[in-house]
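Input: a single structure, listed below in structure tokens.
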Amino acid sequence: MTANPVSLITEEKQSRRAFGAAHWALAVVFLAVYVGSMFTPGLLDDADSTHAEAAREMVVTGDYITLHINGVRYLEKAPLPYWLVALSYKIFGVNEFSTRLPMALSVMLLGVLGFCWGRRAFGERTGIYAALFVYTCAGVYLFTRVLIPDVLLSLLIAAALYFFLTALETQAAAWRWYVGYAMIALGVLTKGLIALAFPCGAAFFFLLVTGEWRRWQEFRLLSGLALFVAIAAPWHILAGLRNSGTAEHHGFFWFYFVNEHFLRFLGRRYPRDYNKLPATLYWSLHLVWLFPWSMYLPAALKAAVQQWREQRDRSGADMGHVQQSDFAARTRLLCWIWAGLVLIFFAISTNQEYYTFPAYLPLLMLLADGVAQCERLECERGLRAGWLTNSAGFLAVIGIVASALLAMGLWQSRNLPFEPDIGRLLSQQDTNAYTLSTSHMLDLSYASFAALRLPAALAAAVLLVAPLSSFIFRLYRRHYSATWALAAGFAVFLVAAHIALGRFGPYLSSKDLAREIAARAGPQDSVMIYGDQAFGSSLLFYLRRPIELVEGRTTSMWFGSTFADAPKIYLSDADLQRDWAGSGRVFLFVPPHQKARVDGLLPAKFVIAEVSGKYVYSNRP
């Protein structure tokens, strides 16, 4: 109170300038990490190009109700992500940039929501940290390299819960309830019923714990339900009517709701093209998905315990009686319930690594709050070895060790020749058994390191400098600079990861082979894939023509084949041998794990192209 008023005004102006600069810095980080990676590499085989092809065929056919891939009905996915990509195609053309634009915008908006929510609940610094953590988090980057709906789903669930929580405030406008219901409906159109289960489940347990369920008459239940049905129901009804079942096979409603929802949860979905992580791996991998900010988990837990004690002392009650005016405490409680519900649900269900994406934002907001609170406490108490600084020191040790390992690999491979096609250097596994999204990590070999020198050197430098610099800043209680130093370094690390992904492009995508086929194949020639379409699905996107599948009535191509109007693209080995000996020209894509079998079937053939162990054969020179 006795401080110089001029000094206080000057300090306030400096703080505003610093936060203003931080907003621009957030934009730079997002642009460097996400916009820079929208153009390359080519679309990857499997889910990436499969989903892009569904959106492309939507534009070509004009059918925005029933998705098609290779002309076959594709009924296992909700339509909103494909509508967005199709809209992007109409505006910017069919290309990699247009395919990735909706995902990049979803990441941007997820960071913006984290900023707005964090700032409202905890202050400007926490809001900045929440957005920064989203943009530099390993899992957010990794699981937006493929066209999957989970980042959009996470955004819609988070938006629904944000408007739910703000609608509970005194004198809140009624429109917040309706926006929340609309977000849930759009979430259902993004990934089905889990978009209903997660926000409603989190809200239910929050209301139960706080005792605010007694305010149920304020929740606009009937009108909100009507709005939800008006948005979510029409597509489901039309899809069911246009894809009805018969006595010989099930229709849309059974396949989409029973097979894709309930049987998938129970691990009995058909066909079985998925897996479940072991429990230990499932939980521990979240330290990787939320890296580097997961290393501050002890500090965040420490802050959470302290905040709980302060709240208890202020209210004179237990945790269940959160004051309505304390938006920060209510946000913390909701985030713990929300994240816990998602993590427990998928610990029980079948899962892929990215299924828990909706838990990332609440966990990152809790981490951002914990870091900001610890920064304040350690500065106030003059600590040089608090929980936050100790966490930073541990992270610095991890960075030094990782950097040393990368440097060792660079040194050991210094005399190995550079091979532009990294697929030739990978140890080949049984790719037909790959059911987890990160299964290709098993293919890495020592020889492949020589093709990754630039990104490895960049990553080694970042892992050495950024965590160590952050630790030194924290020792001198320059915590804001420490957090930004780590974030800036990890943004560079993600750029290095993108360079590495580009080196894997020929291995993970068949774009180069599509170019070779397009240069030779005429309209009357046949193009085929041997086995599951997923192993060469980028051929569909880049060739933009029907492709026949030899022994490929599997996984996502199975259910659509049961309809009477399914195109005649499914061939047997005998059909292949017949066409191969016929008068027409045939181009056959062969994935690495099928080469021995195909070589036995087709003793006479010509190799048109080969990339990363993937072959294109032809029956004519």
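Every chain in the structure tokens has a letter given in the order shown (A, B, ...), and although residue numbers restart at 1 in each chain, ligands are simply numbered from 1 in the order shown.
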
Exercise. Which residues, written as a PyMOL selection string, have at least one atom at most 8 Å from Ile337 in chain A, with only C-alpha atoms counted and residues fewer than 2 positions away on the same chain left out?
Worked result: chain A and resi 202+205-206+333-335+339-341

Okay, now the selection with N, CA, C and O atoms, as a PDB file, in the first residue's frame?
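The resulting file, out12.pdb, is reproduced below:
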ATOM      1  N   ALA A 202     -19.143 -36.260 -17.121  1.00  0.00           N
ATOM      2  CA  ALA A 202     -18.352 -35.328 -16.313  1.00  0.00           C
ATOM      3  C   ALA A 202     -19.261 -34.337 -15.597  1.00  0.00           C
ATOM      4  O   ALA A 202     -19.055 -34.032 -14.410  1.00  0.00           O
ATOM      5  N   PHE A 205     -21.149 -36.141 -12.582  1.00  0.00           N
ATOM      6  CA  PHE A 205     -20.350 -36.348 -11.378  1.00  0.00           C
ATOM      7  C   PHE A 205     -19.977 -35.013 -10.725  1.00  0.00           C
ATOM      8  O   PHE A 205     -19.903 -34.920  -9.490  1.00  0.00           O
ATOM      9  N   PHE A 206     -19.765 -33.980 -11.533  1.00  0.00           N
ATOM     10  CA  PHE A 206     -19.485 -32.659 -10.966  1.00  0.00           C
ATOM     11  C   PHE A 206     -20.683 -32.159 -10.163  1.00  0.00           C
ATOM     12  O   PHE A 206     -20.533 -31.674  -9.035  1.00  0.00           O
ATOM     13  N   LEU A 333     -11.866 -28.918 -10.155  1.00  0.00           N
ATOM     14  CA  LEU A 333     -12.665 -30.108  -9.856  1.00  0.00           C
ATOM     15  C   LEU A 333     -13.198 -30.735 -11.142  1.00  0.00           C
ATOM     16  O   LEU A 333     -13.110 -31.961 -11.335  1.00  0.00           O
ATOM     17  N   LEU A 334     -13.747 -29.921 -12.029  1.00  0.00           N
ATOM     18  CA  LEU A 334     -14.288 -30.445 -13.271  1.00  0.00           C
ATOM     19  C   LEU A 334     -13.196 -31.091 -14.116  1.00  0.00           C
ATOM     20  O   LEU A 334     -13.403 -32.155 -14.721  1.00  0.00           O
ATOM     21  N   CYS A 335     -12.018 -30.482 -14.170  1.00  0.00           N
ATOM     22  CA  CYS A 335     -10.920 -31.041 -14.975  1.00  0.00           C
ATOM     23  C   CYS A 335     -10.478 -32.402 -14.449  1.00  0.00           C
ATOM     24  O   CYS A 335     -10.214 -33.326 -15.238  1.00  0.00           O
ATOM     25  N   ALA A 339     -10.986 -35.579 -16.922  1.00  0.00           N
ATOM     26  CA  ALA A 339      -9.839 -36.382 -17.343  1.00  0.00           C
ATOM     27  C   ALA A 339      -9.921 -37.794 -16.779  1.00  0.00           C
ATOM     28  O   ALA A 339      -9.641 -38.780 -17.480  1.00  0.00           O
ATOM     29  N   GLY A 340     -10.321 -37.912 -15.520  1.00  0.00           N
ATOM     30  CA  GLY A 340     -10.409 -39.235 -14.907  1.00  0.00           C
ATOM     31  C   GLY A 340     -11.437 -40.114 -15.584  1.00  0.00           C
ATOM     32  O   GLY A 340     -11.215 -41.319 -15.789  1.00  0.00           O
ATOM     33  N   LEU A 341     -12.570 -39.545 -15.969  1.00  0.00           N
ATOM     34  CA  LEU A 341     -13.614 -40.316 -16.642  1.00  0.00           C
ATOM     35  C   LEU A 341     -13.114 -40.878 -17.971  1.00  0.00           C
ATOM     36  O   LEU A 341     -13.322 -42.057 -18.283  1.00  0.00           O
TER      37      LEU A 341
END

For this session: Determine, counting only C-alpha atoms, which protein, DNA and RNA residues have an atom within 8 Å of an atom of range 186-199 of chain A; residues of the same chain fewer than 6 positions away are not included. Present the result as a list in words.
Result: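 Using only C-alpha atoms, the neighbours found are Lys77, Ala78, Pro79, Leu80, Pro81, Pro149, Asp150, Leu152, Leu153, Leu156, Ile157, Ala158, Ala160, Leu161, Ile231, Ala232, His261, Trp338, Leu341 and Val342 of chain A.
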
For this session: Just the strand (DSSP E) stuff from range 321-531 of chain A, please, per backbone DSSP, written as a ChimeraX atom specification.
Result: /A:526-530

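Minimum atom-to-atom distances from A:Met38, A:Leu227, A:Ala396, A:Leu285 to Val146 in chain A were compared using only C-alpha atoms, and the lowest value belongs to A:Met38.
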
Exercise. Quick one: of A:Leu454, A:Ala487, A:Val288, A:Ile517, who's nearest to Ala138 in chain A, counting only C-alpha atoms?
Worked result: A:Val288

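Minimum atom-to-atom distance to Pro523 in chain A, evaluated using only C-alpha atoms, belongs to A:Arg585 out of A:Lys595, A:Arg585, A:Glu551, A:Asp579.
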
Exercise: Arg620 in chain A partners within 8 Å, only C-alpha atoms, chain neighbours under 5 positions left out, as a PDB file with N, CA and C atoms, in the first residue's frame:
ATOM      1  N   ARG A 585      -4.024 -54.981 -69.561  1.00  0.00           N
ATOM      2  CA  ARG A 585      -2.845 -54.690 -68.743  1.00  0.00           C
ATOM      3  C   ARG A 585      -3.281 -54.513 -67.294  1.00  0.00           C
ATOM      4  N   VAL A 586      -2.493 -55.076 -66.375  1.00  0.00           N
ATOM      5  CA  VAL A 586      -2.807 -55.052 -64.949  1.00  0.00           C
ATOM      6  C   VAL A 586      -1.616 -54.484 -64.185  1.00  0.00           C
ATOM      7  N   LYS A 605       6.197 -61.811 -64.299  1.00  0.00           N
ATOM      8  CA  LYS A 605       5.755 -60.444 -63.978  1.00  0.00           C
ATOM      9  C   LYS A 605       6.882 -59.474 -64.281  1.00  0.00           C
ATOM     10  N   PHE A 606       6.509 -58.202 -64.355  1.00  0.00           N
ATOM     11  CA  PHE A 606       7.472 -57.126 -64.585  1.00  0.00           C
ATOM     12  C   PHE A 606       7.381 -56.145 -63.422  1.00  0.00           C
TER      13      PHE A 606
END

Problem set entry | Test item: residues at most 12 Å from Ala22 in chain A, only C-alpha atoms, excluding those fewer than 2 positions along its chain, as a list in words |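 My reading of the contact set: Ser15, Arg16, Arg17, Ala18, Phe19, Gly20, Trp24, Ala25, Leu26, Ala27, Val28, Val29, Phe115, Glu124, Arg125, Thr126, Gly127, Ile128, Tyr129, Ala131, Leu132, Tyr480, Ser481, Thr483, Trp484, Ala487 and Ala488 of chain A.
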